Each structure stands twice: as structure tokens, then as C-alpha cells.
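J.: Structure file query28.txt (compact mmCIF, N, CA and C atoms) right here:
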```txt
# COMPACT_ATOMS: atom_id res chain seq x y z
N THR D 24 -85.21 161.44 -61.65
CA THR D 24 -85.78 160.15 -61.28
C THR D 24 -87.29 160.20 -61.43
N ASP D 25 -87.94 159.11 -61.02
CA ASP D 25 -89.40 159.06 -61.07
C ASP D 25 -90.04 159.57 -59.78
N ASN D 26 -89.25 160.18 -58.91
CA ASN D 26 -89.77 160.72 -57.66
C ASN D 26 -90.55 162.00 -57.98
N THR D 27 -91.86 161.96 -57.83
CA THR D 27 -92.70 163.11 -58.16
C THR D 27 -93.18 163.85 -56.92
N LYS D 28 -92.64 163.51 -55.76
CA LYS D 28 -93.05 164.19 -54.54
C LYS D 28 -92.52 165.62 -54.54
N THR D 29 -93.26 166.51 -53.91
CA THR D 29 -92.87 167.91 -53.80
C THR D 29 -91.73 168.05 -52.81
N SER D 30 -90.73 168.84 -53.20
CA SER D 30 -89.61 169.14 -52.30
C SER D 30 -89.86 170.48 -51.64
N GLU D 31 -89.63 170.56 -50.36
CA GLU D 31 -89.82 171.80 -49.62
C GLU D 31 -88.52 172.18 -48.95
N PHE D 32 -88.19 173.47 -48.99
CA PHE D 32 -86.99 173.99 -48.35
C PHE D 32 -87.40 174.97 -47.28
N TYR D 33 -86.83 174.85 -46.11
CA TYR D 33 -87.07 175.79 -45.03
C TYR D 33 -85.74 176.50 -44.79
N GLY D 34 -85.68 177.77 -45.14
CA GLY D 34 -84.43 178.49 -45.07
C GLY D 34 -83.84 178.63 -46.47
N GLU D 35 -82.66 179.20 -46.54
CA GLU D 35 -82.02 179.45 -47.82
C GLU D 35 -81.55 178.16 -48.48
N ALA D 36 -81.55 178.18 -49.80
CA ALA D 36 -80.97 177.09 -50.58
C ALA D 36 -79.86 177.72 -51.41
N ASP D 37 -78.66 177.25 -51.25
CA ASP D 37 -77.49 177.85 -51.90
C ASP D 37 -76.93 176.86 -52.92
N VAL D 38 -76.99 177.23 -54.20
CA VAL D 38 -76.45 176.37 -55.26
C VAL D 38 -74.98 176.77 -55.42
N LYS D 39 -74.08 175.87 -55.08
CA LYS D 39 -72.64 176.16 -55.10
C LYS D 39 -71.99 175.86 -56.44
N LYS D 40 -72.57 174.95 -57.21
CA LYS D 40 -71.92 174.56 -58.45
C LYS D 40 -72.98 174.09 -59.44
N GLY D 41 -72.81 174.42 -60.70
CA GLY D 41 -73.68 173.87 -61.74
C GLY D 41 -74.91 174.70 -62.08
N GLY D 42 -75.34 175.59 -61.22
CA GLY D 42 -76.51 176.40 -61.51
C GLY D 42 -77.81 175.69 -61.20
N LEU D 43 -78.90 176.36 -61.45
CA LEU D 43 -80.24 175.83 -61.21
C LEU D 43 -80.93 175.72 -62.56
N THR D 44 -81.39 174.54 -62.91
CA THR D 44 -82.04 174.30 -64.19
C THR D 44 -83.42 173.72 -63.96
N VAL D 45 -84.42 174.32 -64.58
CA VAL D 45 -85.78 173.78 -64.55
C VAL D 45 -86.00 173.09 -65.89
N THR D 46 -86.11 171.77 -65.88
CA THR D 46 -86.27 171.03 -67.13
C THR D 46 -87.72 170.77 -67.48
N LYS D 47 -88.60 170.89 -66.52
CA LYS D 47 -90.02 170.68 -66.77
C LYS D 47 -90.80 171.45 -65.71
N GLY D 48 -91.89 172.05 -66.11
CA GLY D 48 -92.69 172.82 -65.16
C GLY D 48 -92.27 174.29 -65.17
N ASP D 49 -92.74 175.03 -64.18
CA ASP D 49 -92.51 176.47 -64.10
C ASP D 49 -91.73 176.83 -62.85
N LEU D 50 -91.20 178.01 -62.86
CA LEU D 50 -90.59 178.60 -61.66
C LEU D 50 -91.51 179.73 -61.26
N THR D 51 -92.19 179.59 -60.16
CA THR D 51 -93.20 180.56 -59.73
C THR D 51 -92.83 181.13 -58.37
N MET D 52 -92.89 182.45 -58.24
CA MET D 52 -92.65 183.11 -56.95
C MET D 52 -93.99 183.59 -56.41
N LEU D 53 -94.33 183.14 -55.23
CA LEU D 53 -95.59 183.56 -54.62
C LEU D 53 -95.41 184.80 -53.76
N GLN D 54 -94.18 185.09 -53.37
CA GLN D 54 -93.87 186.32 -52.65
C GLN D 54 -92.37 186.54 -52.70
N GLY D 55 -91.93 187.69 -52.24
CA GLY D 55 -90.52 188.01 -52.25
C GLY D 55 -90.13 188.75 -53.52
N SER D 56 -88.86 188.99 -53.68
CA SER D 56 -88.34 189.75 -54.81
C SER D 56 -87.36 188.92 -55.61
N PHE D 57 -87.22 189.27 -56.87
CA PHE D 57 -86.21 188.67 -57.72
C PHE D 57 -85.10 189.71 -57.84
N ASP D 58 -83.93 189.41 -57.32
CA ASP D 58 -82.84 190.39 -57.30
C ASP D 58 -81.56 189.76 -57.83
N ALA D 59 -81.15 190.18 -59.01
CA ALA D 59 -79.90 189.71 -59.60
C ALA D 59 -78.92 190.88 -59.73
N SER D 60 -79.12 191.93 -58.94
CA SER D 60 -78.35 193.15 -59.09
C SER D 60 -76.87 192.99 -58.77
N THR D 61 -76.48 192.01 -57.98
CA THR D 61 -75.07 191.82 -57.68
C THR D 61 -74.39 190.87 -58.66
N SER D 62 -75.15 190.34 -59.59
CA SER D 62 -74.60 189.41 -60.57
C SER D 62 -74.01 190.18 -61.75
N GLY D 63 -72.89 189.73 -62.23
CA GLY D 63 -72.31 190.31 -63.43
C GLY D 63 -72.79 189.61 -64.69
N GLY D 64 -73.70 188.68 -64.54
CA GLY D 64 -74.19 187.90 -65.67
C GLY D 64 -75.27 188.61 -66.45
N THR D 65 -75.86 187.90 -67.38
CA THR D 65 -76.92 188.46 -68.22
C THR D 65 -78.25 187.80 -67.88
N PHE D 66 -79.32 188.41 -68.33
CA PHE D 66 -80.67 187.87 -68.15
C PHE D 66 -81.26 187.70 -69.54
N LYS D 67 -81.52 186.48 -69.94
CA LYS D 67 -82.05 186.21 -71.27
C LYS D 67 -83.38 185.48 -71.16
N THR D 68 -84.20 185.68 -72.18
CA THR D 68 -85.46 184.94 -72.28
C THR D 68 -85.48 184.21 -73.61
N GLY D 69 -86.49 183.41 -73.79
CA GLY D 69 -86.69 182.75 -75.08
C GLY D 69 -87.27 183.74 -76.07
N ASP D 70 -87.76 183.24 -77.20
CA ASP D 70 -88.29 184.13 -78.23
C ASP D 70 -89.81 184.26 -78.16
N GLN D 71 -90.39 183.87 -77.06
CA GLN D 71 -91.84 184.02 -76.88
C GLN D 71 -92.14 185.34 -76.16
N ALA D 72 -93.39 185.65 -76.01
CA ALA D 72 -93.81 186.91 -75.39
C ALA D 72 -93.35 187.00 -73.94
N VAL D 73 -92.95 188.19 -73.54
CA VAL D 73 -92.55 188.47 -72.17
C VAL D 73 -93.41 189.62 -71.67
N THR D 74 -94.00 189.48 -70.50
CA THR D 74 -94.85 190.52 -69.94
C THR D 74 -94.20 191.07 -68.68
N LEU D 75 -94.05 192.40 -68.62
CA LEU D 75 -93.56 193.08 -67.43
C LEU D 75 -94.73 193.86 -66.84
N ASN D 76 -95.23 193.42 -65.73
CA ASN D 76 -96.34 194.13 -65.09
C ASN D 76 -95.79 195.20 -64.17
N GLY D 77 -96.46 196.31 -64.10
CA GLY D 77 -96.03 197.39 -63.21
C GLY D 77 -95.01 198.30 -63.88
N ALA D 78 -94.64 199.34 -63.17
CA ALA D 78 -93.67 200.30 -63.69
C ALA D 78 -92.33 199.61 -63.88
N THR D 79 -91.66 199.91 -64.97
CA THR D 79 -90.38 199.29 -65.29
C THR D 79 -89.36 200.40 -65.53
N THR D 80 -88.24 200.32 -64.84
CA THR D 80 -87.18 201.32 -64.97
C THR D 80 -85.93 200.65 -65.50
N VAL D 81 -85.31 201.26 -66.49
CA VAL D 81 -84.04 200.78 -67.04
C VAL D 81 -82.99 201.84 -66.73
N LEU D 82 -81.93 201.46 -66.02
CA LEU D 82 -80.94 202.42 -65.58
C LEU D 82 -79.71 202.48 -66.47
N ASN D 83 -79.68 201.73 -67.55
CA ASN D 83 -78.55 201.74 -68.45
C ASN D 83 -79.08 201.75 -69.87
N THR D 84 -78.30 201.44 -70.84
CA THR D 84 -78.72 201.43 -72.23
C THR D 84 -79.87 200.45 -72.43
N PHE D 85 -80.87 200.88 -73.20
CA PHE D 85 -82.05 200.07 -73.45
C PHE D 85 -82.27 200.02 -74.96
N THR D 86 -82.15 198.86 -75.54
CA THR D 86 -82.31 198.69 -76.98
C THR D 86 -83.55 197.86 -77.24
N VAL D 87 -84.39 198.34 -78.14
CA VAL D 87 -85.57 197.60 -78.54
C VAL D 87 -85.34 197.15 -79.97
N GLY D 88 -85.35 195.86 -80.21
CA GLY D 88 -85.11 195.34 -81.54
C GLY D 88 -83.63 195.36 -81.88
N SER D 89 -83.34 195.13 -83.15
CA SER D 89 -81.96 195.18 -83.63
C SER D 89 -81.98 195.64 -85.07
N SER D 90 -80.82 196.00 -85.60
CA SER D 90 -80.77 196.49 -86.98
C SER D 90 -81.27 195.45 -87.97
N GLY D 91 -81.17 194.18 -87.65
CA GLY D 91 -81.66 193.13 -88.52
C GLY D 91 -83.17 192.96 -88.47
N ASP D 92 -83.82 193.54 -87.45
CA ASP D 92 -85.26 193.38 -87.31
C ASP D 92 -86.05 194.00 -88.45
N ILE D 93 -85.55 195.13 -88.98
CA ILE D 93 -86.27 195.80 -90.07
C ILE D 93 -86.29 194.90 -91.30
N ALA D 94 -85.14 194.33 -91.63
CA ALA D 94 -85.07 193.44 -92.80
C ALA D 94 -85.93 192.21 -92.61
N ASN D 95 -86.12 191.79 -91.37
CA ASN D 95 -86.93 190.60 -91.09
C ASN D 95 -88.40 190.93 -90.90
N GLY D 96 -88.77 192.20 -91.07
CA GLY D 96 -90.17 192.60 -90.97
C GLY D 96 -90.69 192.73 -89.56
N LYS D 97 -89.82 192.83 -88.56
CA LYS D 97 -90.26 192.96 -87.18
C LYS D 97 -90.61 194.41 -86.89
N THR D 98 -91.60 194.62 -86.04
CA THR D 98 -92.08 195.95 -85.71
C THR D 98 -92.06 196.15 -84.21
N THR D 99 -91.67 197.34 -83.79
CA THR D 99 -91.77 197.73 -82.38
C THR D 99 -92.95 198.68 -82.25
N THR D 100 -93.87 198.38 -81.34
CA THR D 100 -95.05 199.19 -81.15
C THR D 100 -95.01 199.80 -79.75
N LEU D 101 -95.13 201.12 -79.69
CA LEU D 101 -95.21 201.83 -78.41
C LEU D 101 -96.60 202.42 -78.32
N ILE D 102 -97.33 202.06 -77.28
CA ILE D 102 -98.71 202.49 -77.13
C ILE D 102 -98.80 203.42 -75.93
N GLY D 103 -99.52 204.51 -76.10
CA GLY D 103 -99.66 205.47 -75.01
C GLY D 103 -98.72 206.64 -75.22
N ASN D 104 -98.58 207.48 -74.22
CA ASN D 104 -97.68 208.63 -74.31
C ASN D 104 -96.24 208.15 -74.30
N VAL D 105 -95.44 208.66 -75.21
CA VAL D 105 -94.03 208.30 -75.31
C VAL D 105 -93.22 209.57 -75.12
N LYS D 106 -92.37 209.59 -74.14
CA LYS D 106 -91.49 210.73 -73.89
C LYS D 106 -90.08 210.34 -74.29
N ILE D 107 -89.44 211.21 -75.05
CA ILE D 107 -88.07 210.98 -75.47
C ILE D 107 -87.24 212.15 -74.93
N GLY D 108 -86.21 211.85 -74.17
CA GLY D 108 -85.37 212.90 -73.62
C GLY D 108 -85.69 213.19 -72.17
N SER D 109 -85.41 214.40 -71.78
CA SER D 109 -85.54 214.79 -70.38
C SER D 109 -86.09 216.20 -70.28
N GLU D 110 -86.82 216.47 -69.23
CA GLU D 110 -87.30 217.84 -68.99
C GLU D 110 -86.20 218.70 -68.39
N GLU D 111 -85.11 218.09 -67.94
CA GLU D 111 -84.02 218.83 -67.30
C GLU D 111 -82.84 219.06 -68.22
N PHE D 112 -82.63 218.20 -69.21
CA PHE D 112 -81.45 218.28 -70.07
C PHE D 112 -81.88 218.24 -71.53
N THR D 113 -81.03 218.74 -72.41
CA THR D 113 -81.28 218.69 -73.84
C THR D 113 -80.53 217.52 -74.44
N TYR D 114 -81.23 216.71 -75.22
CA TYR D 114 -80.65 215.57 -75.90
C TYR D 114 -80.98 215.66 -77.38
N ASN D 115 -80.17 215.05 -78.20
CA ASN D 115 -80.47 214.96 -79.63
C ASN D 115 -81.36 213.76 -79.87
N PHE D 116 -82.28 213.91 -80.79
CA PHE D 116 -83.11 212.80 -81.25
C PHE D 116 -82.58 212.42 -82.61
N ASN D 117 -81.85 211.31 -82.69
CA ASN D 117 -81.23 210.87 -83.93
C ASN D 117 -82.14 209.87 -84.62
N ASN D 118 -82.50 210.17 -85.84
CA ASN D 118 -83.38 209.32 -86.61
C ASN D 118 -82.64 208.85 -87.85
N TRP D 119 -82.26 207.58 -87.91
CA TRP D 119 -81.50 207.04 -89.03
C TRP D 119 -82.40 206.33 -90.04
N ALA D 120 -83.67 206.47 -89.89
CA ALA D 120 -84.60 205.83 -90.82
C ALA D 120 -85.72 206.81 -91.10
N ASN D 121 -86.67 206.41 -91.90
CA ASN D 121 -87.80 207.27 -92.17
C ASN D 121 -88.65 207.42 -90.92
N PHE D 122 -89.11 208.61 -90.68
CA PHE D 122 -89.97 208.89 -89.54
C PHE D 122 -91.32 209.28 -90.11
N LYS D 123 -92.31 208.44 -89.91
CA LYS D 123 -93.63 208.69 -90.48
C LYS D 123 -94.60 208.95 -89.35
N HIS D 124 -95.23 210.12 -89.39
CA HIS D 124 -96.23 210.46 -88.38
C HIS D 124 -97.60 210.28 -89.01
N ASN D 125 -98.34 209.32 -88.49
CA ASN D 125 -99.70 209.07 -88.99
C ASN D 125 -100.66 209.91 -88.17
N GLY D 126 -100.88 211.13 -88.60
CA GLY D 126 -101.69 212.07 -87.84
C GLY D 126 -103.12 212.17 -88.31
N GLN D 127 -103.56 211.27 -89.15
CA GLN D 127 -104.91 211.38 -89.68
C GLN D 127 -105.97 210.95 -88.67
N GLY D 128 -105.59 210.21 -87.66
CA GLY D 128 -106.55 209.78 -86.67
C GLY D 128 -107.41 208.64 -87.15
N ASN D 129 -108.34 208.25 -86.31
CA ASN D 129 -109.20 207.13 -86.65
C ASN D 129 -110.68 207.50 -86.58
N GLY D 130 -110.97 208.79 -86.59
CA GLY D 130 -112.36 209.25 -86.48
C GLY D 130 -112.77 209.50 -85.04
N VAL D 131 -112.08 208.90 -84.09
CA VAL D 131 -112.36 209.11 -82.67
C VAL D 131 -111.25 209.95 -82.06
N VAL D 132 -110.04 209.54 -82.33
CA VAL D 132 -108.86 210.25 -81.83
C VAL D 132 -108.17 210.92 -83.00
N VAL D 133 -107.90 212.23 -82.90
CA VAL D 133 -107.18 212.95 -83.94
C VAL D 133 -105.84 213.38 -83.36
N PRO D 134 -104.76 212.66 -83.67
CA PRO D 134 -103.46 212.99 -83.10
C PRO D 134 -102.87 214.24 -83.74
N THR D 135 -102.00 214.92 -83.01
CA THR D 135 -101.29 216.08 -83.53
C THR D 135 -99.81 215.88 -83.27
N PHE D 136 -99.03 216.68 -83.93
CA PHE D 136 -97.58 216.64 -83.75
C PHE D 136 -97.15 218.07 -83.47
N ALA D 137 -96.56 218.33 -82.33
CA ALA D 137 -96.19 219.69 -81.96
C ALA D 137 -94.78 219.72 -81.42
N LEU D 138 -94.09 220.86 -81.65
CA LEU D 138 -92.75 221.04 -81.11
C LEU D 138 -92.81 221.43 -79.64
N ASP D 139 -93.83 222.14 -79.26
CA ASP D 139 -94.08 222.46 -77.85
C ASP D 139 -95.58 222.64 -77.69
N SER D 140 -96.01 223.12 -76.56
CA SER D 140 -97.45 223.17 -76.31
C SER D 140 -98.17 224.23 -77.15
N SER D 141 -97.45 225.15 -77.81
CA SER D 141 -98.12 226.20 -78.56
C SER D 141 -97.74 226.25 -80.03
N THR D 142 -96.82 225.42 -80.49
CA THR D 142 -96.36 225.47 -81.88
C THR D 142 -96.74 224.18 -82.59
N THR D 143 -97.54 224.31 -83.64
CA THR D 143 -97.93 223.14 -84.41
C THR D 143 -97.02 223.00 -85.62
N VAL D 144 -96.76 221.80 -86.02
CA VAL D 144 -95.94 221.53 -87.19
C VAL D 144 -96.86 221.31 -88.39
N THR D 145 -96.59 222.00 -89.48
CA THR D 145 -97.36 221.86 -90.71
C THR D 145 -96.49 221.15 -91.74
N CYS D 146 -97.07 220.20 -92.45
CA CYS D 146 -96.32 219.46 -93.46
C CYS D 146 -96.83 219.82 -94.85
N ASP D 147 -95.91 220.14 -95.76
CA ASP D 147 -96.23 220.51 -97.12
C ASP D 147 -96.24 219.24 -97.97
N THR D 148 -97.43 218.72 -98.24
CA THR D 148 -97.54 217.51 -99.06
C THR D 148 -97.89 217.86 -100.51
N ALA D 149 -98.29 219.11 -100.79
CA ALA D 149 -98.68 219.50 -102.14
C ALA D 149 -97.48 219.46 -103.09
N SER D 150 -96.30 219.81 -102.60
CA SER D 150 -95.11 219.83 -103.46
C SER D 150 -94.43 218.46 -103.49
N HIS D 151 -95.03 217.50 -102.86
CA HIS D 151 -94.51 216.13 -102.77
C HIS D 151 -93.15 216.06 -102.07
N SER D 152 -92.80 217.11 -101.32
CA SER D 152 -91.53 217.11 -100.60
C SER D 152 -91.70 216.54 -99.21
N ASN D 153 -92.95 216.52 -98.72
CA ASN D 153 -93.24 216.08 -97.36
C ASN D 153 -92.35 216.79 -96.34
N THR D 154 -92.11 218.06 -96.56
CA THR D 154 -91.32 218.87 -95.64
C THR D 154 -92.22 219.44 -94.57
N CYS D 155 -91.82 219.31 -93.33
CA CYS D 155 -92.60 219.83 -92.22
C CYS D 155 -91.89 221.03 -91.63
N TYR D 156 -92.67 222.01 -91.18
CA TYR D 156 -92.10 223.22 -90.62
C TYR D 156 -93.00 223.71 -89.50
N SER D 157 -92.43 224.55 -88.63
CA SER D 157 -93.18 225.11 -87.51
C SER D 157 -94.05 226.24 -88.01
N SER D 158 -95.31 226.25 -87.58
CA SER D 158 -96.21 227.32 -88.01
C SER D 158 -96.80 228.05 -86.82
```
Please express the file's structure as C-alpha cells.
T.:
Amino acid sequence: TDNTKTSEFYGEADVKKGGLTVTKGDLTMLQGSFDASTSGGTFKTGDQAVTLNGATTVLNTFTVGSSGDIANGKTTTLIGNVKIGSEEFTYNFNNWANFKHNGQGNGVVVPTFALDSSTTVTCDTASHSNTCYSS
């Protein structure tokens, strides 16, 4: 309707049928938590940017992108230290695509690639094989 007055709820609001739809404006939480952990449903967003502030934990499978993203020219960028696996268990790192390590740096930061804290990996580019080995 044309009623533009603010609605206020004191106490819980329980939607029994039809769901909650915001057709105009935002849904803003000034305090409290967002908890959908007892729901068997999904959580979807639009195709615009999504920002997660603070530490984020995923307790189940976590997929970034999709197999079609490469063909569409989409890129996933991870900035900062990236840890793969666990310090307690051994996991396989499966790479089904080309893995390119850009270790040349930018003149300020010179990145390295190591198997552990004392073993550096050397890559043979002279033979055009681009084979890397532990040295």
C-alpha cells in the first residue's frame, strides 16, 4: 500500500506461511545474530559483490567458482597467506589444471615456493620443460 509509516515489533515476529520478502529497501541488523543453522534450506545471494567481515569458518565442503568459470574468464583471487591441508593430517593436493607460480616478485616483495621451511624448489626453465624439483 501507500502506507510509508515505520512498523515496529516488540518481541518475536513469527512468519508462519509465505516467507519474508523485502521488495524495496534493505534488511539491516543493528544487533543480534543471524542464525539459520537449524534450517535445511540454502542461502543464496545475487551476482553482485558479497563482503564477509571478520573471521569466516566453513564446516563443510567449500567450493569457489565452478568448472564453467574458467571458460567464462572468471578468476578467483586469494590474497595473503593461504594454507591448504592440515598440520595434523596428510591430505592430497589435487591439481587438475595448470599451476603457475609467479615467483618473480614486484621489486618490493620477492615470493618463494618451498616444500618445507628448509627445502627450496628449483624450476628448470632452460630445457623448456618447466620441471620443478627439490634442491
J.: State, in Å with one decimal place, the distance from atom N of Asp70 in chain D to CA of Phe57 in chain D.
T.: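 Answer for the atom N of Asp70 in chain D to CA of Phe57 in chain D separation: 20.3 Å.
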J.: To one decimal place, how far is atom C of Gly88 in chain D from atom N of Gly48 in chain D in Å?
T.: 29.3 Å
J.: By how many Å are atom N of Thr46 in chain D and atom N of Glu31 in chain D apart?
T.: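 A separation of 16.0 Å between them.
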J.: D:Asn83, D:Phe66, D:Thr27, D:Gly34: which is nearest Lys47 in chain D, counting only C-alpha atoms?
T.: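 Selected residue with least distance to Lys47 in chain D: D:Thr27.
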J.: For range 49-60 of chain D of the structure just presented, write all heavy atoms to a file, as a tab-separated table (two decimals), in the first residue's frame.
T.:
```
chain	number	residue	atom	x	y	z
D	49	ASP	N	16.38	-2.13	2.36
D	49	ASP	CA	17.38	-3.07	2.85
D	49	ASP	C	16.88	-3.81	4.08
D	49	ASP	O	15.94	-3.37	4.74
D	49	ASP	CB	18.66	-2.32	3.24
D	49	ASP	CG	19.30	-1.62	2.05
D	49	ASP	OD1	19.29	-2.20	0.95
D	49	ASP	OD2	19.82	-0.50	2.24
D	50	LEU	N	17.55	-4.88	4.39
D	50	LEU	CA	17.34	-5.59	5.65
D	50	LEU	C	18.60	-5.37	6.45
D	50	LEU	O	19.67	-5.85	6.09
D	50	LEU	CB	17.10	-7.08	5.39
D	50	LEU	CG	16.93	-7.95	6.62
D	50	LEU	CD1	15.69	-7.53	7.40
D	50	LEU	CD2	16.82	-9.42	6.22
D	51	THR	N	18.51	-4.61	7.51
D	51	THR	CA	19.68	-4.22	8.29
D	51	THR	C	19.53	-4.71	9.73
D	51	THR	O	18.48	-4.52	10.34
D	51	THR	CB	19.85	-2.69	8.30
D	51	THR	OG1	19.93	-2.24	6.95
D	51	THR	CG2	21.08	-2.26	9.06
D	52	MET	N	20.58	-5.34	10.26
D	52	MET	CA	20.59	-5.77	11.66
D	52	MET	C	21.51	-4.83	12.43
D	52	MET	O	22.68	-4.69	12.08
D	52	MET	CB	21.10	-7.21	11.77
D	52	MET	CG	20.15	-8.22	11.18
D	52	MET	SD	20.77	-9.93	11.28
D	52	MET	CE	21.08	-10.11	13.02
D	53	LEU	N	20.97	-4.19	13.45
D	53	LEU	CA	21.78	-3.29	14.26
D	53	LEU	C	22.42	-4.02	15.43
D	53	LEU	O	23.39	-3.54	16.01
D	53	LEU	CB	20.93	-2.13	14.76
D	53	LEU	CG	20.35	-1.24	13.65
D	53	LEU	CD1	19.50	-0.13	14.25
D	53	LEU	CD2	21.45	-0.67	12.78
D	54	GLN	N	21.89	-5.17	15.79
D	54	GLN	CA	22.49	-6.01	16.82
D	54	GLN	C	21.89	-7.40	16.72
D	54	GLN	O	20.98	-7.64	15.95
D	54	GLN	CB	22.26	-5.45	18.23
D	54	GLN	CG	20.82	-5.47	18.70
D	54	GLN	CD	20.70	-4.93	20.12
D	54	GLN	OE1	21.43	-4.03	20.51
D	54	GLN	NE2	19.80	-5.47	20.89
D	55	GLY	N	22.44	-8.33	17.47
D	55	GLY	CA	21.96	-9.70	17.43
D	55	GLY	C	22.74	-10.53	16.42
D	55	GLY	O	23.71	-10.09	15.83
D	56	SER	N	22.31	-11.75	16.24
D	56	SER	CA	22.99	-12.69	15.35
D	56	SER	C	22.05	-13.16	14.25
D	56	SER	O	20.83	-13.18	14.42
D	56	SER	CB	23.47	-13.91	16.14
D	56	SER	OG	24.39	-13.51	17.13
D	57	PHE	N	22.64	-13.57	13.15
D	57	PHE	CA	21.88	-14.20	12.08
D	57	PHE	C	22.17	-15.69	12.18
D	57	PHE	O	23.30	-16.14	12.01
D	57	PHE	CB	22.35	-13.65	10.72
D	57	PHE	CG	21.67	-14.32	9.56
D	57	PHE	CD1	20.39	-13.94	9.19
D	57	PHE	CD2	22.30	-15.32	8.85
D	57	PHE	CE1	19.75	-14.55	8.12
D	57	PHE	CE2	21.67	-15.94	7.78
D	57	PHE	CZ	20.40	-15.55	7.42
D	58	ASP	N	21.16	-16.49	12.49
D	58	ASP	CA	21.37	-17.92	12.72
D	58	ASP	C	20.36	-18.72	11.91
D	58	ASP	O	19.17	-18.72	12.20
D	58	ASP	CB	21.24	-18.23	14.21
D	58	ASP	CG	21.55	-19.68	14.53
D	58	ASP	OD1	21.75	-20.49	13.61
D	58	ASP	OD2	21.61	-20.01	15.73
D	59	ALA	N	20.83	-19.40	10.89
D	59	ALA	CA	19.98	-20.27	10.08
D	59	ALA	C	20.44	-21.72	10.23
D	59	ALA	O	20.17	-22.56	9.39
D	59	ALA	CB	20.03	-19.84	8.62
D	60	SER	N	21.15	-22.02	11.31
D	60	SER	CA	21.76	-23.33	11.47
D	60	SER	C	20.76	-24.47	11.61
D	60	SER	O	21.09	-25.62	11.32
D	60	SER	CB	22.71	-23.33	12.68
D	60	SER	OG	21.98	-23.03	13.87
```
